[in-house]
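S.K.: Sharing a structure below in structure tokens format, with a few things to ask.
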Amino acid sequence: QNMSAAAPVISVTNEREIQPYQLSLEQLSALKTQHEEELMELQKQMESLFDAKNRFGNARSTLADIVTCSEGSKILIPLNGSLYVPGSIQRPGKVIVELGTGYFCEKTVPDATDLIDRKIQLVTKSIESVESIAIKKKRTLDQLVQIMQYKIAQLQQG
């Protein structure tokens, strides 16, 4: 079986293309390690994006619950993931939303829902993009492993 006949071209991070069959086992091993590290980083990004999507989903759900509250209704307001303070609804139909990096503004519930939906769409697109990159990176890693196994078998036969 001559694997070099269909020698794949592998794109690496800095957009150079390499011919993996021309690399030594040491170079292939280094490239494999680099791809494994990049895959782990992509996995961390995916986890962060899924966490963000869940937080936006929770915010949307909470917003739907707040709509049913009347003026003066008692609620618990989250300051962080585990600390809540008592509060009350002052103006039903209006909420304060974080725009990002510490900026807040008042919005109507429908406008706040639209903002959350746009953020969910943005995070979903980011998830799809990172997934696509990870799939390509995994495919390249699998090719590298196959080439390494082929070269090792050649050395053992030689």
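Naming scheme: A, B, ... for chains in displayed order of the structure tokens; residues 1 onward per chain; ligands 1 onward as shown.
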Which parts of chain A does DSSP call strand (DSSP E) when run on the backbone here, written out as a list of chain:residue names?
M.R.: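 So the strand (DSSP E) residues in chain A would be A:Ile10, A:Ser11, A:Glu17, A:Ile18, A:Lys74, A:Ile75, A:Leu76, A:Ile77, A:Pro78, A:Tyr84, A:Val85, A:Pro86, A:Gly87, A:Ser88, A:Lys94, A:Val95, A:Ile96, A:Val97, A:Glu98, A:Leu99, A:Gly100, A:Tyr103, A:Phe104, A:Cys105, A:Glu106, A:Lys107, A:Thr108.
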S.K.: With N, CA and C atoms retained, could you export that selection as a PDB file, in the first residue's frame?
M.R.:
```pdb
ATOM      1  N   ILE A  10      -1.805  19.325   4.093  1.00  0.00           N
ATOM      2  CA  ILE A  10      -2.396  19.725   5.363  1.00  0.00           C
ATOM      3  C   ILE A  10      -2.152  21.209   5.565  1.00  0.00           C
ATOM      4  N   SER A  11      -3.231  21.938   5.850  1.00  0.00           N
ATOM      5  CA  SER A  11      -3.106  23.358   6.170  1.00  0.00           C
ATOM      6  C   SER A  11      -2.867  23.490   7.661  1.00  0.00           C
ATOM      7  N   GLU A  17       0.852  25.519   3.733  1.00  0.00           N
ATOM      8  CA  GLU A  17       0.463  24.147   3.441  1.00  0.00           C
ATOM      9  C   GLU A  17       1.727  23.307   3.448  1.00  0.00           C
ATOM     10  N   ILE A  18       1.598  22.128   4.016  1.00  0.00           N
ATOM     11  CA  ILE A  18       2.754  21.243   4.111  1.00  0.00           C
ATOM     12  C   ILE A  18       2.416  19.894   3.502  1.00  0.00           C
ATOM     13  N   LYS A  74     -42.824  40.928  45.133  1.00  0.00           N
ATOM     14  CA  LYS A  74     -41.511  40.681  45.730  1.00  0.00           C
ATOM     15  C   LYS A  74     -40.752  39.659  44.870  1.00  0.00           C
ATOM     16  N   ILE A  75     -39.463  39.931  44.633  1.00  0.00           N
ATOM     17  CA  ILE A  75     -38.626  39.024  43.852  1.00  0.00           C
ATOM     18  C   ILE A  75     -37.238  38.954  44.483  1.00  0.00           C
ATOM     19  N   LEU A  76     -36.490  37.945  44.110  1.00  0.00           N
ATOM     20  CA  LEU A  76     -35.085  37.857  44.493  1.00  0.00           C
ATOM     21  C   LEU A  76     -34.247  38.207  43.262  1.00  0.00           C
ATOM     22  N   ILE A  77     -33.315  39.133  43.439  1.00  0.00           N
ATOM     23  CA  ILE A  77     -32.494  39.616  42.336  1.00  0.00           C
ATOM     24  C   ILE A  77     -31.095  39.007  42.455  1.00  0.00           C
ATOM     25  N   PRO A  78     -30.652  38.295  41.414  1.00  0.00           N
ATOM     26  CA  PRO A  78     -29.314  37.678  41.490  1.00  0.00           C
ATOM     27  C   PRO A  78     -28.208  38.713  41.316  1.00  0.00           C
ATOM     28  N   TYR A  84     -28.282  36.357  46.116  1.00  0.00           N
ATOM     29  CA  TYR A  84     -29.511  37.030  45.725  1.00  0.00           C
ATOM     30  C   TYR A  84     -29.897  38.039  46.800  1.00  0.00           C
ATOM     31  N   VAL A  85     -30.502  39.147  46.377  1.00  0.00           N
ATOM     32  CA  VAL A  85     -31.000  40.134  47.333  1.00  0.00           C
ATOM     33  C   VAL A  85     -32.494  40.340  47.066  1.00  0.00           C
ATOM     34  N   PRO A  86     -33.250  40.659  48.132  1.00  0.00           N
ATOM     35  CA  PRO A  86     -34.683  40.881  47.920  1.00  0.00           C
ATOM     36  C   PRO A  86     -34.919  42.196  47.172  1.00  0.00           C
ATOM     37  N   GLY A  87     -35.963  42.206  46.361  1.00  0.00           N
ATOM     38  CA  GLY A  87     -36.349  43.412  45.637  1.00  0.00           C
ATOM     39  C   GLY A  87     -37.818  43.355  45.318  1.00  0.00           C
ATOM     40  N   SER A  88     -38.286  44.367  44.619  1.00  0.00           N
ATOM     41  CA  SER A  88     -39.692  44.372  44.211  1.00  0.00           C
ATOM     42  C   SER A  88     -39.808  45.010  42.829  1.00  0.00           C
ATOM     43  N   LYS A  94     -40.946  47.023  32.163  1.00  0.00           N
ATOM     44  CA  LYS A  94     -39.644  47.647  31.907  1.00  0.00           C
ATOM     45  C   LYS A  94     -38.575  46.865  32.680  1.00  0.00           C
ATOM     46  N   VAL A  95     -37.439  46.661  32.023  1.00  0.00           N
ATOM     47  CA  VAL A  95     -36.331  45.958  32.675  1.00  0.00           C
ATOM     48  C   VAL A  95     -35.030  46.688  32.334  1.00  0.00           C
ATOM     49  N   ILE A  96     -34.030  46.450  33.148  1.00  0.00           N
ATOM     50  CA  ILE A  96     -32.701  46.987  32.870  1.00  0.00           C
ATOM     51  C   ILE A  96     -31.868  45.841  32.321  1.00  0.00           C
ATOM     52  N   VAL A  97     -31.252  46.069  31.175  1.00  0.00           N
ATOM     53  CA  VAL A  97     -30.452  45.031  30.537  1.00  0.00           C
ATOM     54  C   VAL A  97     -29.001  45.482  30.438  1.00  0.00           C
ATOM     55  N   GLU A  98     -28.112  44.497  30.515  1.00  0.00           N
ATOM     56  CA  GLU A  98     -26.694  44.782  30.330  1.00  0.00           C
ATOM     57  C   GLU A  98     -26.392  44.726  28.842  1.00  0.00           C
ATOM     58  N   LEU A  99     -25.821  45.801  28.333  1.00  0.00           N
ATOM     59  CA  LEU A  99     -25.463  45.852  26.917  1.00  0.00           C
ATOM     60  C   LEU A  99     -24.101  45.224  26.675  1.00  0.00           C
ATOM     61  N   GLY A 100     -23.310  45.129  27.729  1.00  0.00           N
ATOM     62  CA  GLY A 100     -21.959  44.577  27.641  1.00  0.00           C
ATOM     63  C   GLY A 100     -20.968  45.508  28.293  1.00  0.00           C
ATOM     64  N   TYR A 103     -22.186  48.291  30.713  1.00  0.00           N
ATOM     65  CA  TYR A 103     -23.162  49.304  30.309  1.00  0.00           C
ATOM     66  C   TYR A 103     -24.557  48.703  30.387  1.00  0.00           C
ATOM     67  N   PHE A 104     -25.484  49.489  30.966  1.00  0.00           N
ATOM     68  CA  PHE A 104     -26.850  49.039  31.159  1.00  0.00           C
ATOM     69  C   PHE A 104     -27.809  50.069  30.573  1.00  0.00           C
ATOM     70  N   CYS A 105     -29.001  49.620  30.197  1.00  0.00           N
ATOM     71  CA  CYS A 105     -30.048  50.556  29.779  1.00  0.00           C
ATOM     72  C   CYS A 105     -31.412  49.940  30.088  1.00  0.00           C
ATOM     73  N   GLU A 106     -32.401  50.801  30.126  1.00  0.00           N
ATOM     74  CA  GLU A 106     -33.765  50.341  30.372  1.00  0.00           C
ATOM     75  C   GLU A 106     -34.413  50.014  29.034  1.00  0.00           C
ATOM     76  N   LYS A 107     -35.120  48.889  28.994  1.00  0.00           N
ATOM     77  CA  LYS A 107     -35.818  48.463  27.780  1.00  0.00           C
ATOM     78  C   LYS A 107     -37.189  47.922  28.160  1.00  0.00           C
ATOM     79  N   THR A 108     -38.077  47.928  27.194  1.00  0.00           N
ATOM     80  CA  THR A 108     -39.355  47.245  27.395  1.00  0.00           C
ATOM     81  C   THR A 108     -39.076  45.748  27.333  1.00  0.00           C
TER      82      THR A 108
END
```
S.K.: Taking into account only C-alpha atoms, which residue in the set A:Ala52, A:Leu42, A:Ile89, A:Ile135 is nearest to Cys69 in chain A?
M.R.: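 Of all the options, A:Ile89 lies closest to Cys69 in chain A.
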S.K.: Figure out the distance between CA of Ala153 in chain A and CA of Lys137 in chain A, please, to one decimal in Å.
M.R.: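 Interatomic distance, CA of Lys137 in chain A to CA of Ala153 in chain A: 24.3 Å.
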S.K.: Expressed in Å to a single decimal, how great is the separation between CA of Lys119 in chain A and CA of Glu131 in chain A?
M.R.: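 A separation of 18.2 Å between them.
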S.K.: Would you return as a PyMOL selection string the members of range 15-147 of chain A that DSSP assigns to alpha helix (DSSP H) on this structure's backbone?
M.R.: chain A and resi 25-67+109-147
S.K.: Need the shell around Thr62 in chain A: protein/DNA/RNA residues with any atom at most 12 Å away, counting only C-alpha atoms. Skip same-chain ones fewer than 2 positions apart. Format as a ChimeraX atom specification?
M.R.: /A:55-60,64-69,75-78,95,109,112-113,116
S.K.: Let me make sure I understand: among A:Gly93, A:Arg139, A:Leu122, A:Gln154, which one has the smallest atom-to-atom distance to Pro110 in chain A if we use only C-alpha atoms?
M.R.: A:Gly93
S.K.: In Å, with one decimal, what is the gap from CA of Gln34 in chain A to CA of Ser129 in chain A?
M.R.: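 Separation between CA of Gln34 in chain A and CA of Ser129 in chain A: 20.1 Å.
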